[in-house]
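Only one structure is covered here, and it is reproduced in the block below.
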Amino acid sequence: MSKRKLGPSKARFVRAENSYEKLEDAGDEVVMVSSSSDSENEEPPAKKQKPLKQEDSADSIPGDAVLENQDFIGFETSSGDENEEFDQQGSPKISDSENEYLSNDETVYHTKSADYKTGNFNPKYPWIRNNDHSRQIEISDWLTMEIKDFIKYISPSAEEIKARNDTVGKLRECITGMWPDAEVHCFGSFATDLYLPGSDIDMVVVSKARNNKYDNRSSLYQLSSYIRNHRLGINVEAIAKAKVPIIKFVDPTTKIHIDISFERTNGIKAAELIISWLKDTPGLRELVLIVKQFLSVRKLNIVHTGGLGGFATICLVRSFLKLHPRVATKSIDPLENLGVLLIEFFELYGYNFGYDNTAIAFDEDGEPYYVPKDSNPAFQNRNPFTLAIQDPHDPANNISRGTFNLRDIKRSFGGAFELLVNKCYEMNQATYKERLGQSVLGDIIKYKGKQRDFEDARDLVQNEALAFVSGESSRATSLPPLPSEQYTIISDSDSESEYEKHLEQLYEKSQSKKPESNKNIDELMGLNDRESDVSSSGAASDSEQEKPSTSKLDKTARREYWLNKSGSF
Ligand SMILES: Nc1ncnc2c1ncn2[C@@H]1O[C@H](COP(=O)(O)OP(=O)(O)OP(=O)(O)O)[C@@H](O)[C@H]1O
Ligand SMILES: [Mg+2]
């Protein structure tokens with residue numbers, strides 16, 4: 001397997017093509033068709049996939065609009081940047097207030113290792129500490145290396161893994177103390193090692209007894225009261241009316257959010273499947289964590305506000321990698337090409353994917369494929385511009401049904417594609433001196449939590465939840481079979497149609513939002529922190545001064561640059 005070598009081959013460039021929109025139903029099978037009828041001169045699929053030609057795509061965003069700041073979903077300043085308080089190490093303070101919620105960056109239980117102080121800390125791009133890749137000839141290699149550094153930077157330390165294990169252990173002990181016939185398991189990102197420092201822990205209570213199940217209102221309230229009264233959690237909420245009734249709370253020590261559901265073992269099955277995907281899909285963990293962080297800083301990962309949840313993100317990345325021609329044919333090593341793959345991921349889901357007609361499905365072996373939306377009622381929606389991803393274990397369930405804010409997600413992906421391409425071009429032209437202290441990934445990713453120390457301790461400390469799901473734990477027991485009805489509806493009033501109505505209302509509300517057309521690109525993408533704006537310029541700059549360097553780039557030159565890169569893939 002090779003690394004993608006990038007070099008000029010303009011002559012080989014053919015018209016940009018959106019192969020993902022051209023799905024043709026061939027009986028049961030769905031095939032991708034090429035627009036070129038000249039098979040002799042046809043480029044290999046990966047070469048066609050590459051070129052940057054937004055104006056060719058019907059729903060694409062014109063390149064200039066990007067530079068005119070009209071098409072980005074900026075970094076959220078959720079923790080109230082202006083008013084944020086910092087401790088002595090410059091980390092955001094966690095207030096004692098019970099209402100305090102952590103962002104995905106933040107954790108209160110991470111300490112620093114001995115070599116923490118070496119290297120200059122770069123508050124804007126903390127993951128580039130001690131890691132200078134600015135002398136790479138290929139900028140996409142620089143990006144690949146930065147992605148790896150970022151992953152190492154946010155991967156859990158020994159203390160974090162132990163803190164998560166202890167939190168789960170403590171809750172398990174309490175719950176089984178109260179309900180001796182209960183088993184308590186984890187699923188979701190903690191059980192698959194796909195968690196960001198501030199990710200929640202998803203847990204499920206399952207009864208061993210056939211005639212005493214816990215998926216009822218009285219158990220929900222009994223456990224939520226117990227958690228509240230025994231101070232096992234703060235902000236305890238029992239959500240009975242949800243499609244999947246849960247108890248939500250925050251662990252008082254670690255401030256980790258916990259969700260507890262009842263009797264639904266399909267989350268554990270999904271975790272098993274995701275673990276197997278991680279084993280057979282190199283690059284999946286890296287790209288999933290980058291995309292999760294990307295969405296998280298923009299608050300586009302929260303499902304109840306129409307965002308893209310962790311599970312759907314995993315499915316998107318996995319189908320991208322598995323259906324990528326060069327990855328599928330093993331002609332490139334994904335781990336050595338993370339930079340290019342990330343850019344292509346953003347290009348696919350930011351520009352090319354045919355959301356209106358195409359759904360992502362999985363076969364019985366969990367292998368992804370594209371299907372027309374009208375092949376399955378679960379993919380249908382009054383609004384055709386929706387993401388449809390089939391639950392790998394339940395064809396009747398569209399796991400991205402709640403992602404009604406697809407417009408912003410698509411825009412943010414398209415914007416990330418543009419920014420990364422621009423940055424690659426800009427850095428390619430820059431001198432080594434100009435490259436120093438720069439970050440390629442930093443144009444789209446931000447990390448505002450405490451300083452960390454690149455201590456990925458996953459090989460040193462066992463993640464007990466992961467060990468259980470992978471069958472490597474002494475606590476592993478066989479789970480009861482999946483109930484035929486996967487969703488437990490406790491509430492009488494919360495019917496399916498009401499839920500759909502609620503989603504539609506939220507969707508319509510989101511459609512009435514005005515585009516943030518007046519915002520500066522740096523502000524939108526979080527490139528200029530307010531603090532640094534003030535300190536560097538001494539005064540609020542006028543709009544001309546605020547324009548990012550990318551806006552000065554000649555559009556044609558940028559495109560030429562990227563096409564040259566593309567041609568040799
Ligand atoms: N729409 C859904 N349909 C079926 N199962 C779902 C759905 N959404 C979530 N799940 C289950 O819940 C688990 C946790 O989902 P979630 O979206 O929180 O992802 P996560 O991997 O835990 O991400 P995060 O780190 O953001 O918490 C999934 O792995 C899946 O088993
Ligand atoms: Mg989760």
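Each chain in the structure tokens gets a letter, A, B, ..., in the order shown, and its residues are numbered from 1; ligands are numbered from 1 in order too.
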
Shell of 7 Å around ligand 2 (only C-alpha atoms and all ligand atoms), written as a ChimeraX atom specification: /A:188-189,199-202,310

Return as number ranges by chain the residues of protein, DNA or RNA that approach ligand 1 to within 8 Å, with only C-alpha atoms and all ligand atoms taken into account. A: 187-190, 192, 194-196, 198-202, 266-271, 274, 292, 301-303, 308-312, 314, 391, 397-402

Mind writing the picked residues with C-alpha atoms as a PDB file, in the first residue's frame?
```pdb
ATOM      1  CA  PHE A 187     -22.464   1.399  25.361  1.00  0.00           C
ATOM      2  CA  GLY A 188     -21.892   4.438  23.149  1.00  0.00           C
ATOM      3  CA  SER A 189     -18.561   6.185  22.811  1.00  0.00           C
ATOM      4  CA  PHE A 190     -17.093   5.122  26.169  1.00  0.00           C
ATOM      5  CA  THR A 192     -15.948   1.928  21.868  1.00  0.00           C
ATOM      6  CA  LEU A 194     -14.498   6.900  20.522  1.00  0.00           C
ATOM      7  CA  TYR A 195     -15.047   9.449  23.241  1.00  0.00           C
ATOM      8  CA  LEU A 196     -13.777  12.980  23.440  1.00  0.00           C
ATOM      9  CA  GLY A 198     -16.064  15.644  27.602  1.00  0.00           C
ATOM     10  CA  SER A 199     -18.207  12.914  26.005  1.00  0.00           C
ATOM     11  CA  ASP A 200     -21.004  11.436  28.053  1.00  0.00           C
ATOM     12  CA  ILE A 201     -21.226   7.876  29.365  1.00  0.00           C
ATOM     13  CA  ASP A 202     -24.182   5.887  28.035  1.00  0.00           C
ATOM     14  CA  ASN A 266     -29.270  -2.855  21.106  1.00  0.00           C
ATOM     15  CA  GLY A 267     -26.780  -0.146  22.172  1.00  0.00           C
ATOM     16  CA  ILE A 268     -24.438  -2.887  23.359  1.00  0.00           C
ATOM     17  CA  LYS A 269     -24.883  -4.761  20.089  1.00  0.00           C
ATOM     18  CA  ALA A 270     -24.105  -1.541  18.234  1.00  0.00           C
ATOM     19  CA  ALA A 271     -20.978  -1.061  20.352  1.00  0.00           C
ATOM     20  CA  ILE A 274     -18.475  -0.506  16.065  1.00  0.00           C
ATOM     21  CA  LYS A 292     -16.772  14.730  16.264  1.00  0.00           C
ATOM     22  CA  ASN A 301     -23.320  17.308  17.430  1.00  0.00           C
ATOM     23  CA  ILE A 302     -26.378  17.694  19.633  1.00  0.00           C
ATOM     24  CA  VAL A 303     -29.202  15.605  18.279  1.00  0.00           C
ATOM     25  CA  LEU A 308     -25.367  14.866  13.999  1.00  0.00           C
ATOM     26  CA  GLY A 309     -24.955  12.358  16.834  1.00  0.00           C
ATOM     27  CA  GLY A 310     -21.907  10.227  17.504  1.00  0.00           C
ATOM     28  CA  PHE A 311     -23.436   7.062  16.071  1.00  0.00           C
ATOM     29  CA  ALA A 312     -24.432   8.764  12.814  1.00  0.00           C
ATOM     30  CA  ILE A 314     -19.365   6.878  12.872  1.00  0.00           C
ATOM     31  CA  ASP A 391     -29.430   1.429  11.674  1.00  0.00           C
ATOM     32  CA  ASN A 397     -34.736   2.676  11.958  1.00  0.00           C
ATOM     33  CA  ASN A 398     -33.146   5.732  10.405  1.00  0.00           C
ATOM     34  CA  ILE A 399     -30.537   6.716  12.970  1.00  0.00           C
ATOM     35  CA  SER A 400     -30.186  10.250  11.610  1.00  0.00           C
ATOM     36  CA  ARG A 401     -33.897  10.976  11.700  1.00  0.00           C
ATOM     37  CA  GLY A 402     -33.378  13.671  14.313  1.00  0.00           C
TER      38      GLY A 402
END
```

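Minimum distance to Ile389 in chain A across A:Leu300, A:Val440, A:Ala328, A:Cys315 (counting only C-alpha atoms) occurs at A:Cys315.
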
Can you measure CA of Ser473 in chain A to CA of Thr281 in chain A for me? One decimal in Å is fine. 23.4 Å

Could you list, as a ChimeraX atom specification, every residue within 7 Å of Glu263 in chain A, counting only C-alpha atoms and ignoring same-chain residues fewer than 3 positions away? /A:204-207,214-215

Using the selection just defined, write its residues with C-alpha atoms as a tab-separated table (two decimals), in the first residue's frame.
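Saved as part17.tsv:
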```tsv
chain	number	residue	atom	x	y	z
A	204	VAL	CA	-28.20	0.68	30.35
A	205	VAL	CA	-29.86	-1.24	33.17
A	206	VAL	CA	-30.94	-4.73	32.15
A	207	SER	CA	-32.83	-7.16	34.34
A	214	TYR	CA	-37.09	-2.05	34.45
A	215	ASP	CA	-38.51	-0.33	31.40
```

With distances taken over only C-alpha atoms, the candidate from A:Gln293, A:Gln136, A:Gln462, A:Thr254 nearest Met427 in chain A is A:Gln136

Tell me, which residues of range 259-374 of chain A carry DSSP strand (DSSP E or B), written as a ChimeraX atom specification? /A:259-262,332,358-362,368-372

Same residues, N, CA and C atoms, output as a compact mmCIF listing (two decimals), in the first residue's frame:
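So the final result, stored in out-v6.txt, reads:
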```
# COMPACT_ATOMS: atom_id res chain seq x y z
N ASP A 259 -26.02 9.14 30.88
CA ASP A 259 -27.38 8.80 30.44
C ASP A 259 -27.63 7.35 30.84
N ILE A 260 -28.73 7.11 31.52
CA ILE A 260 -29.07 5.70 31.84
C ILE A 260 -30.39 5.35 31.18
N SER A 261 -30.38 4.30 30.38
CA SER A 261 -31.61 3.81 29.77
C SER A 261 -31.92 2.43 30.35
N PHE A 262 -33.01 1.85 29.89
CA PHE A 262 -33.49 0.61 30.54
C PHE A 262 -33.83 -0.46 29.51
N ILE A 332 -4.20 2.73 -1.22
CA ILE A 332 -3.55 3.68 -0.29
C ILE A 332 -3.76 3.18 1.14
N THR A 358 -30.46 9.86 -1.76
CA THR A 358 -29.61 8.72 -1.41
C THR A 358 -29.57 8.49 0.10
N ALA A 359 -29.61 7.21 0.45
CA ALA A 359 -29.48 6.84 1.86
C ALA A 359 -28.28 5.91 2.01
N ILE A 360 -27.75 5.88 3.23
CA ILE A 360 -26.65 4.95 3.52
C ILE A 360 -27.24 3.75 4.24
N ALA A 361 -27.00 2.58 3.70
CA ALA A 361 -27.54 1.36 4.31
C ALA A 361 -26.38 0.42 4.64
N PHE A 362 -26.70 -0.60 5.41
CA PHE A 362 -25.68 -1.60 5.78
C PHE A 362 -26.23 -2.99 5.51
N PRO A 368 -21.30 -1.08 4.35
CA PRO A 368 -22.17 0.00 3.87
C PRO A 368 -22.36 -0.02 2.36
N TYR A 369 -23.50 0.48 1.93
CA TYR A 369 -23.76 0.69 0.50
C TYR A 369 -24.80 1.80 0.38
N TYR A 370 -24.90 2.36 -0.82
CA TYR A 370 -25.88 3.41 -1.04
C TYR A 370 -27.16 2.82 -1.62
N VAL A 371 -28.27 3.36 -1.16
CA VAL A 371 -29.56 2.96 -1.72
C VAL A 371 -30.40 4.21 -2.01
N PRO A 372 -31.31 4.11 -2.97
CA PRO A 372 -32.23 5.24 -3.14
C PRO A 372 -33.14 5.33 -1.92
```

Tell me which protein, DNA and RNA residues are within 12 Å of range 224-236 of chain A, counting only C-alpha atoms, leaving out same-chain ones fewer than 3 positions away, and put them as a PDB file with C-alpha atoms, in the first residue's frame.
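What ended up in selection27.pdb:
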```pdb
ATOM      1  CA  ASP A  96     -19.592  24.690  41.487  1.00  0.00           C
ATOM      2  CA  SER A  97     -22.984  25.498  40.145  1.00  0.00           C
ATOM      3  CA  GLU A  98     -25.151  22.497  39.535  1.00  0.00           C
ATOM      4  CA  ASN A  99     -26.094  24.009  36.236  1.00  0.00           C
ATOM      5  CA  GLU A 100     -22.595  23.919  34.877  1.00  0.00           C
ATOM      6  CA  TYR A 101     -22.224  21.694  31.850  1.00  0.00           C
ATOM      7  CA  THR A 167     -17.735   6.361  37.872  1.00  0.00           C
ATOM      8  CA  VAL A 168     -19.353   3.403  36.145  1.00  0.00           C
ATOM      9  CA  GLY A 169     -18.256   1.030  38.927  1.00  0.00           C
ATOM     10  CA  LYS A 170     -19.745   3.245  41.621  1.00  0.00           C
ATOM     11  CA  LEU A 171     -23.061   3.538  39.794  1.00  0.00           C
ATOM     12  CA  ARG A 172     -23.179  -0.174  39.079  1.00  0.00           C
ATOM     13  CA  GLU A 173     -22.628  -0.954  42.734  1.00  0.00           C
ATOM     14  CA  CYS A 174     -25.411   1.371  43.821  1.00  0.00           C
ATOM     15  CA  ILE A 175     -27.887   0.199  41.210  1.00  0.00           C
ATOM     16  CA  GLY A 177     -27.446  -2.802  45.527  1.00  0.00           C
ATOM     17  CA  MET A 178     -30.942  -1.457  45.038  1.00  0.00           C
ATOM     18  CA  TRP A 179     -31.955  -3.951  42.344  1.00  0.00           C
ATOM     19  CA  ARG A 217     -42.089   4.660  34.736  1.00  0.00           C
ATOM     20  CA  SER A 218     -41.850   3.594  38.343  1.00  0.00           C
ATOM     21  CA  SER A 219     -38.313   2.212  37.875  1.00  0.00           C
ATOM     22  CA  LEU A 220     -37.313   5.381  36.035  1.00  0.00           C
ATOM     23  CA  TYR A 221     -38.469   7.584  38.897  1.00  0.00           C
ATOM     24  CA  ILE A 239     -37.071  11.893  30.808  1.00  0.00           C
ATOM     25  CA  ALA A 240     -40.077   9.639  30.569  1.00  0.00           C
ATOM     26  CA  PRO A 245     -36.820   7.051  28.254  1.00  0.00           C
ATOM     27  CA  ILE A 246     -33.657   7.910  30.147  1.00  0.00           C
ATOM     28  CA  ILE A 247     -32.245   9.430  33.283  1.00  0.00           C
ATOM     29  CA  LYS A 248     -29.728  12.181  32.590  1.00  0.00           C
ATOM     30  CA  PHE A 249     -27.400  13.580  35.189  1.00  0.00           C
ATOM     31  CA  VAL A 250     -23.878  14.812  35.790  1.00  0.00           C
ATOM     32  CA  ASP A 251     -21.402  12.903  37.921  1.00  0.00           C
ATOM     33  CA  PRO A 252     -20.500  15.260  40.791  1.00  0.00           C
ATOM     34  CA  THR A 253     -16.811  14.307  40.887  1.00  0.00           C
ATOM     35  CA  THR A 254     -15.809  14.102  37.247  1.00  0.00           C
ATOM     36  CA  LYS A 255     -18.595  16.318  35.850  1.00  0.00           C
ATOM     37  CA  ILE A 256     -19.132  13.698  33.147  1.00  0.00           C
ATOM     38  CA  HIS A 257     -22.672  13.535  31.795  1.00  0.00           C
ATOM     39  CA  ILE A 258     -24.354  10.190  32.269  1.00  0.00           C
ATOM     40  CA  ASP A 259     -27.383   8.798  30.445  1.00  0.00           C
ATOM     41  CA  ILE A 260     -29.069   5.702  31.841  1.00  0.00           C
ATOM     42  CA  SER A 261     -31.614   3.811  29.772  1.00  0.00           C
TER      43      SER A 261
END
```

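Taking CA of Lys208 in chain A and CA of Leu466 in chain A as the two end points, the separation is 21.0 Å.
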
I'd like to know which of A:Ser319, A:Leu338, A:Ser157, A:Asp181 is closest to Thr144 in chain A, using only C-alpha atoms. A:Leu338

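In this comparison, which uses only C-alpha atoms, the residue of A:Phe404, A:Trp127, A:Tyr425, A:Phe454 approaching His304 in chain A most closely is A:Phe404.
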
What parts of range 277-369 of chain A does DSSP call helix (DSSP H, G or I)? I'd like the answer as a ChimeraX atom specification. /A:277-280,284-297,303-305,310-322,325-328,334-336,338-352

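Put simply, CA of Arg298 in chain A is 24.0 Å away from CA of Ser140 in chain A.
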